[in-house]
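Working notes, structure below.
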Amino acid sequence: MDALKSIRIDGDKIEIVNQLLLPHTIEYLKIQTVEEAHDAIKSMKIRGAPAIASLAALAFAANLSSALQTSPPAAFLSSPEALAAHVTPILDYLYTARPTAVNLGAATRRLSRLLQSSNDVQHDAASVARELIAEAKLIAGEDKAQNTRMSQLGGDWLHQRVGGSAKYLNVLTVCNTGSLATSGYGTALGFITYLHEQGLLDTAYYTQTAPYHQGSRLTALELKTLNIPSTMICDTMVGSLFQHKTIHAVAVGADRIAKNGDTANKIGTYNAAVLAARHNIPFVVVAPTSTVDLDITDGSSIPIEHRPAIEACLVRGALYPSTVDADGKKVQAQVMVTPSDLEGIYNPSFDVTPAELITAIVTEKYVAVKRDGKTSFDLSKE
């Protein structure tokens, strides 16, 4: 089967797969406004740093494209100044949807810079709008090619590192970093997919990744769709897995990477890194260069999103034994697994893995490793 797609586009028409209903129901939602894009990102109907940046860029492009086709033209196309006054709040608003993911900020800043440079050379408003549309679509379109390249670089690096000690590799991943989290192929899951395509993978292991269960819901579905041999583990089983199975690497994605290599990623990543270090297992971060934030010296400056406390108390899934509705779809339900009105809930969406625990950072341009004797990276020199 073909890989699942997080975003489908047809001209200016945008649809996303509602990831809250996966894996039991595949439902595509139309995104017709910037506000709908913001809500989809914030509510996690779409997630994954590259994918949310792509959706934000596409929704922004569709907003401008619709205005260009309106008769009479929208008022904000009357001058470059009016266009800037319209566009800047939209970009600022989109960025607020999920601030930890640097790709989203990188996309909005990239568009803001283009807006400024185009106005500096005194282009007319319509021309600037068309340039912004083209750039926004480029942001979304370039992601898949980058993912394919970094997956190859990382997979070849790991194979070379392991050498002849293992014909088939076992790799653990956290959360979901495949086609559902990107515009295609994936980052860390793309890395695993590449190893499988090259005949080098034995088994892909993945954590459930509570409380949203991106692993058990999304990664499980992607690996099953791609017919990649895989095994799910609970988040608390990582140490046991390392004790009883030969694991050749842990591969994870990233939402933001600081200049020194400290990496913010889905909650539970740091746990896996600590255990990997204890067992001398290479810990590999796979992410596009747009995820690297050279303006942040280390991880202490990375803003960490905290999700609503109620989300840690709920789980969603299909009824078991399976029950179908009148349309033949599996009936789903959301249930509370904690006492009601529970106080004292700590629910960060991300944690930060120190560079000291990271073996390599793989992007579409390079495989960065620490220099001998160093405990951190200097990604400004890559």
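Labels for the structure tokens follow display order: chains A, B, ..., residues from 1 in each chain, ligands from 1.
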Test item: residues at most 12 Å from A:His213, only C-alpha atoms, excluding those fewer than 2 positions along its chain, as a ChimeraX atom specification: /A:19-23,174-176,206-211,215-221,232-235,266-268,311-312,314-317,349
Now that the selection is made, can you save its residues with C-alpha atoms as a PDB file, in the first residue's frame?
```pdb
ATOM      1  CA  GLN A  19      -5.224  12.275  13.014  1.00  0.00           C
ATOM      2  CA  LEU A  20      -7.372  12.266  16.140  1.00  0.00           C
ATOM      3  CA  LEU A  21      -9.523   9.546  14.545  1.00  0.00           C
ATOM      4  CA  LEU A  22      -6.682   7.363  13.302  1.00  0.00           C
ATOM      5  CA  PRO A  23      -6.073   4.459  13.038  1.00  0.00           C
ATOM      6  CA  VAL A 174       9.491   7.461  19.594  1.00  0.00           C
ATOM      7  CA  CYS A 175       6.222   9.171  18.645  1.00  0.00           C
ATOM      8  CA  ASN A 176       5.339   9.450  14.942  1.00  0.00           C
ATOM      9  CA  TYR A 206       8.256   2.008  18.621  1.00  0.00           C
ATOM     10  CA  THR A 207       6.877   3.377  21.875  1.00  0.00           C
ATOM     11  CA  GLN A 208       3.167   3.973  22.373  1.00  0.00           C
ATOM     12  CA  THR A 209       3.972   7.609  23.270  1.00  0.00           C
ATOM     13  CA  ALA A 210       1.341   8.547  25.832  1.00  0.00           C
ATOM     14  CA  PRO A 211      -0.786  10.516  26.401  1.00  0.00           C
ATOM     15  CA  GLY A 215       3.129   5.649  18.377  1.00  0.00           C
ATOM     16  CA  SER A 216       0.380   3.099  18.947  1.00  0.00           C
ATOM     17  CA  ARG A 217      -2.109   4.957  16.737  1.00  0.00           C
ATOM     18  CA  LEU A 218      -0.060   6.538  13.950  1.00  0.00           C
ATOM     19  CA  THR A 219       3.357   4.886  13.724  1.00  0.00           C
ATOM     20  CA  ALA A 220       1.693   1.493  14.050  1.00  0.00           C
ATOM     21  CA  LEU A 221      -0.625   2.333  11.163  1.00  0.00           C
ATOM     22  CA  MET A 232       5.142  -1.893  19.747  1.00  0.00           C
ATOM     23  CA  ILE A 233       6.257  -1.344  23.333  1.00  0.00           C
ATOM     24  CA  CYS A 234       4.799   0.693  26.172  1.00  0.00           C
ATOM     25  CA  ASP A 235       6.784   3.814  27.058  1.00  0.00           C
ATOM     26  CA  LYS A 266       7.987  14.519  21.956  1.00  0.00           C
ATOM     27  CA  ILE A 267       7.791  13.793  25.661  1.00  0.00           C
ATOM     28  CA  GLY A 268       9.557  10.518  26.441  1.00  0.00           C
ATOM     29  CA  GLU A 311      -5.620  15.440  27.814  1.00  0.00           C
ATOM     30  CA  ALA A 312      -3.490  13.338  30.163  1.00  0.00           C
ATOM     31  CA  LEU A 314      -8.351  10.750  28.459  1.00  0.00           C
ATOM     32  CA  VAL A 315      -7.868   8.072  25.822  1.00  0.00           C
ATOM     33  CA  ARG A 316      -9.704   7.683  22.535  1.00  0.00           C
ATOM     34  CA  GLY A 317     -10.158   4.567  20.480  1.00  0.00           C
ATOM     35  CA  SER A 349       4.169  17.997  25.250  1.00  0.00           C
TER      36      SER A 349
END
```
Kindly assemble as a Markdown table a list of the stretch 187-298 of chain A residues that lie within 8 Å of stretch 125-149 of chain A, each paired with its nearest atom pair and their distance in Å to one decimal, using only C-alpha atoms, sorted first by chain and then by ascending residue number.
```
| residue | atom | partner | partner_atom | distance |
| --- | --- | --- | --- | --- |
| A:Thr187 | CA | A:Asn147 | CA | 5.5 |
| A:Gly190 | CA | A:Asn147 | CA | 6.8 |
| A:Ala287 | CA | A:Asn147 | CA | 7.8 |
| A:Pro288 | CA | A:Gln146 | CA | 6.8 |
```
Find the nearest atom pair between each residue of stretch 128-162 of chain A and stretch 353-361 of chain A for residues within 12 Å, count only C-alpha atoms, give distances in Å to one decimal, sort rows by chain and ascending number, and present the table as a Markdown table.
```
| residue | atom | partner | partner_atom | distance |
| --- | --- | --- | --- | --- |
| A:Met150 | CA | A:Ile361 | CA | 10.0 |
| A:Ser151 | CA | A:Ile361 | CA | 11.5 |
| A:Leu153 | CA | A:Ile361 | CA | 10.6 |
| A:Gly154 | CA | A:Ile361 | CA | 8.6 |
| A:Gly155 | CA | A:Ala360 | CA | 11.7 |
| A:Trp157 | CA | A:Ala360 | CA | 9.4 |
| A:Leu158 | CA | A:Ala360 | CA | 9.7 |
| A:Arg161 | CA | A:Ala360 | CA | 11.2 |
```
With only C-alpha atoms as the counted atoms, please give the residues lying no more than 12 Å from A:Ala37, apart from itself and same-chain residues fewer than 5 positions off, as a ChimeraX atom specification. /A:7,14-16,29-32,42-47,51-63,90-91,93-98
Export of the given selection (N, CA, C and O atoms) as a short mmCIF file (atom, residue, chain, number, x, y, z; two decimals), in the first residue's frame:
```
data_model
loop_
_atom_site.label_atom_id
_atom_site.label_comp_id
_atom_site.auth_asym_id
_atom_site.auth_seq_id
_atom_site.Cartn_x
_atom_site.Cartn_y
_atom_site.Cartn_z
N ILE A 7 -1.51 15.63 4.23
CA ILE A 7 -2.13 16.75 3.53
C ILE A 7 -2.39 16.38 2.08
O ILE A 7 -1.51 15.82 1.42
N ILE A 14 -7.42 22.41 0.10
CA ILE A 14 -6.56 21.72 1.07
C ILE A 14 -7.42 20.79 1.92
O ILE A 14 -8.48 21.18 2.42
N GLU A 15 -6.94 19.57 2.08
CA GLU A 15 -7.56 18.62 2.98
C GLU A 15 -6.48 17.99 3.85
O GLU A 15 -5.37 17.75 3.39
N ILE A 16 -6.82 17.73 5.11
CA ILE A 16 -5.90 17.02 6.00
C ILE A 16 -6.59 15.79 6.55
O ILE A 16 -7.82 15.77 6.69
N LEU A 29 -10.42 16.30 6.34
CA LEU A 29 -11.11 17.54 6.67
C LEU A 29 -10.69 18.64 5.71
O LEU A 29 -9.50 18.80 5.43
N LYS A 30 -11.65 19.42 5.25
CA LYS A 30 -11.32 20.56 4.40
C LYS A 30 -10.80 21.71 5.26
O LYS A 30 -11.37 22.01 6.31
N ILE A 31 -9.74 22.31 4.80
CA ILE A 31 -9.20 23.50 5.45
C ILE A 31 -9.40 24.66 4.48
O ILE A 31 -8.73 24.77 3.46
N GLN A 32 -10.35 25.52 4.81
CA GLN A 32 -10.75 26.59 3.89
C GLN A 32 -10.35 27.98 4.36
O GLN A 32 -10.45 28.93 3.60
N LYS A 42 -3.50 23.45 16.42
CA LYS A 42 -3.56 23.57 17.88
C LYS A 42 -4.26 22.37 18.51
O LYS A 42 -3.86 21.91 19.59
N SER A 43 -5.31 21.87 17.87
CA SER A 43 -6.06 20.74 18.41
C SER A 43 -5.44 19.40 18.06
O SER A 43 -5.94 18.36 18.47
N MET A 44 -4.35 19.41 17.31
CA MET A 44 -3.59 18.22 16.93
C MET A 44 -4.36 17.31 15.97
O MET A 44 -4.10 16.11 15.92
N LYS A 45 -5.28 17.89 15.22
CA LYS A 45 -5.85 17.12 14.10
C LYS A 45 -4.75 16.84 13.08
O LYS A 45 -4.79 15.86 12.35
N ILE A 46 -3.78 17.74 13.01
CA ILE A 46 -2.55 17.51 12.27
C ILE A 46 -1.41 17.83 13.21
O ILE A 46 -1.51 18.75 14.03
N ARG A 47 -0.32 17.03 13.16
CA ARG A 47 0.79 17.28 14.05
C ARG A 47 2.06 16.78 13.36
O ARG A 47 2.03 16.20 12.28
N ALA A 51 4.86 18.91 9.08
CA ALA A 51 3.50 18.91 8.53
C ALA A 51 2.75 20.17 8.92
O ALA A 51 2.03 20.76 8.10
N ILE A 52 2.90 20.63 10.16
CA ILE A 52 2.16 21.82 10.56
C ILE A 52 2.71 23.07 9.87
O ILE A 52 1.95 23.99 9.56
N ALA A 53 4.01 23.08 9.60
CA ALA A 53 4.58 24.20 8.84
C ALA A 53 4.04 24.20 7.42
O ALA A 53 3.71 25.26 6.87
N SER A 54 3.92 23.01 6.83
CA SER A 54 3.38 22.91 5.48
C SER A 54 1.93 23.36 5.42
O SER A 54 1.54 24.11 4.51
N LEU A 55 1.12 22.93 6.40
CA LEU A 55 -0.28 23.33 6.39
C LEU A 55 -0.42 24.83 6.58
O LEU A 55 -1.21 25.48 5.88
N ALA A 56 0.34 25.40 7.49
CA ALA A 56 0.27 26.85 7.70
C ALA A 56 0.63 27.61 6.43
O ALA A 56 -0.05 28.57 6.05
N ALA A 57 1.68 27.15 5.74
CA ALA A 57 2.11 27.82 4.51
C ALA A 57 1.04 27.69 3.43
O ALA A 57 0.74 28.66 2.72
N LEU A 58 0.45 26.51 3.30
CA LEU A 58 -0.56 26.29 2.26
C LEU A 58 -1.83 27.09 2.54
O LEU A 58 -2.45 27.64 1.61
N ALA A 59 -2.24 27.15 3.80
CA ALA A 59 -3.44 27.93 4.15
C ALA A 59 -3.20 29.42 3.90
O ALA A 59 -4.09 30.13 3.42
N PHE A 60 -2.00 29.87 4.21
CA PHE A 60 -1.62 31.25 3.93
C PHE A 60 -1.68 31.54 2.44
O PHE A 60 -2.23 32.56 1.99
N ALA A 61 -1.13 30.61 1.65
CA ALA A 61 -1.13 30.78 0.19
C ALA A 61 -2.55 30.81 -0.35
O ALA A 61 -2.88 31.62 -1.24
N ALA A 62 -3.40 29.93 0.15
CA ALA A 62 -4.79 29.87 -0.31
C ALA A 62 -5.53 31.16 0.02
O ALA A 62 -6.36 31.63 -0.77
N ASN A 63 -5.23 31.74 1.16
CA ASN A 63 -5.85 33.00 1.55
C ASN A 63 -5.53 34.11 0.56
O ASN A 63 -6.42 34.84 0.10
N ILE A 90 -1.57 37.67 10.12
CA ILE A 90 -1.88 36.28 9.79
C ILE A 90 -0.70 35.38 10.12
O ILE A 90 -0.84 34.32 10.74
N LEU A 91 0.49 35.80 9.72
CA LEU A 91 1.68 35.01 10.00
C LEU A 91 1.93 34.91 11.50
O LEU A 91 2.28 33.83 12.02
N TYR A 93 -0.33 35.09 13.81
CA TYR A 93 -1.40 34.24 14.35
C TYR A 93 -1.10 32.76 14.12
O TYR A 93 -1.25 31.94 15.03
N LEU A 94 -0.68 32.41 12.94
CA LEU A 94 -0.37 31.01 12.64
C LEU A 94 0.74 30.49 13.54
O LEU A 94 0.70 29.34 13.99
N TYR A 95 1.71 31.33 13.82
CA TYR A 95 2.84 30.90 14.66
C TYR A 95 2.39 30.52 16.07
O TYR A 95 2.99 29.65 16.71
N THR A 96 1.33 31.15 16.56
CA THR A 96 0.88 30.88 17.93
C THR A 96 0.25 29.51 18.09
O THR A 96 0.02 29.07 19.23
N ALA A 97 -0.04 28.82 17.00
CA ALA A 97 -0.75 27.54 17.10
C ALA A 97 0.05 26.52 17.91
O ALA A 97 -0.50 25.83 18.76
N ARG A 98 1.37 26.42 17.64
CA ARG A 98 2.22 25.50 18.40
C ARG A 98 3.65 26.06 18.38
O ARG A 98 4.43 25.75 17.48
#
```
Near stretch 241-253 of chain A, within 10 Å and counting only C-alpha atoms, which residues show up once chain neighbours fewer than 6 positions away are dropped, as an NGL selection string? :A and (48-49 or 154 or 158-159 or 161-162 or 166 or 168-178 or 181 or 186-192 or 203-206 or 233 or 263-266 or 269 or 272-273 or 275-276 or 278-288 or 291 or 358-362)
From the DSSP assignment of the backbone, select every residue of stretch 33-166 of chain A that is helix (DSSP H, G or I), and format the answer as an NGL selection string. :A and (34-42 or 49-68 or 75-77 or 80-95 or 102-120 or 125-165)
Write down as a list in words the residues belonging to stretch 15-86 of chain A that are assigned strand (DSSP E or B) by DSSP computed on the backbone.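 Answer for stretch 15-86 of chain A, restricted to strand (DSSP E or B): Glu15, Ile16, Val17, Tyr28, Leu29, Lys30 and Ile31 of chain A.
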Hey, can you spit out that residue selection with C-alpha atoms as a compact mmCIF listing (two decimals), in the first residue's frame?
```
# COMPACT_ATOMS: atom_id res chain seq x y z
CA GLU A 15 -7.56 18.62 2.98
CA ILE A 16 -5.90 17.02 6.00
CA VAL A 17 -6.38 13.61 7.49
CA TYR A 28 -10.18 14.06 5.51
CA LEU A 29 -11.11 17.54 6.67
CA LYS A 30 -11.32 20.56 4.40
CA ILE A 31 -9.20 23.50 5.45
```
Using only C-alpha atoms, which residues sit within 12 Å of A:Ser301 once same-chain residues fewer than 3 positions away are excluded, as a ChimeraX atom specification? /A:100,256-260,262-264,293-298,304,352
Limited to C-alpha atoms, could you put the picked residues into a file as a PDB file, in the first residue's frame?
```pdb
ATOM      1  CA  THR A 100       7.730  24.805  20.251  1.00  0.00           C
ATOM      2  CA  ARG A 256      13.567  22.246  17.714  1.00  0.00           C
ATOM      3  CA  ILE A 257      17.330  21.772  17.857  1.00  0.00           C
ATOM      4  CA  ALA A 258      19.513  24.358  19.586  1.00  0.00           C
ATOM      5  CA  LYS A 259      22.884  25.489  18.258  1.00  0.00           C
ATOM      6  CA  ASN A 260      24.699  23.117  20.639  1.00  0.00           C
ATOM      7  CA  ASP A 262      20.156  20.063  22.583  1.00  0.00           C
ATOM      8  CA  THR A 263      16.945  18.717  21.066  1.00  0.00           C
ATOM      9  CA  ALA A 264      13.292  19.252  21.944  1.00  0.00           C
ATOM     10  CA  ASP A 293      17.518  27.112  15.567  1.00  0.00           C
ATOM     11  CA  LEU A 294      20.940  28.769  15.577  1.00  0.00           C
ATOM     12  CA  ASP A 295      19.505  31.716  17.512  1.00  0.00           C
ATOM     13  CA  ILE A 296      19.150  29.482  20.562  1.00  0.00           C
ATOM     14  CA  THR A 297      22.434  28.591  22.253  1.00  0.00           C
ATOM     15  CA  ASP A 298      21.149  25.596  24.200  1.00  0.00           C
ATOM     16  CA  ILE A 304       8.061  23.982  26.013  1.00  0.00           C
ATOM     17  CA  VAL A 352      14.724  18.360  25.849  1.00  0.00           C
TER      18      VAL A 352
END
```
Which is closer to A:Gln214 than all the others in A:Ser71, A:Leu180, A:Gln122, A:Ile228, using only C-alpha atoms?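 Of A:Ser71, A:Leu180, A:Gln122, A:Ile228, the one nearest A:Gln214 is A:Leu180, counting only C-alpha atoms.
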Between atom CA of A:Ala85 and atom CA of A:Gln116, what is the distance, to one decimal in Å?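 A separation of 11.6 Å between them.
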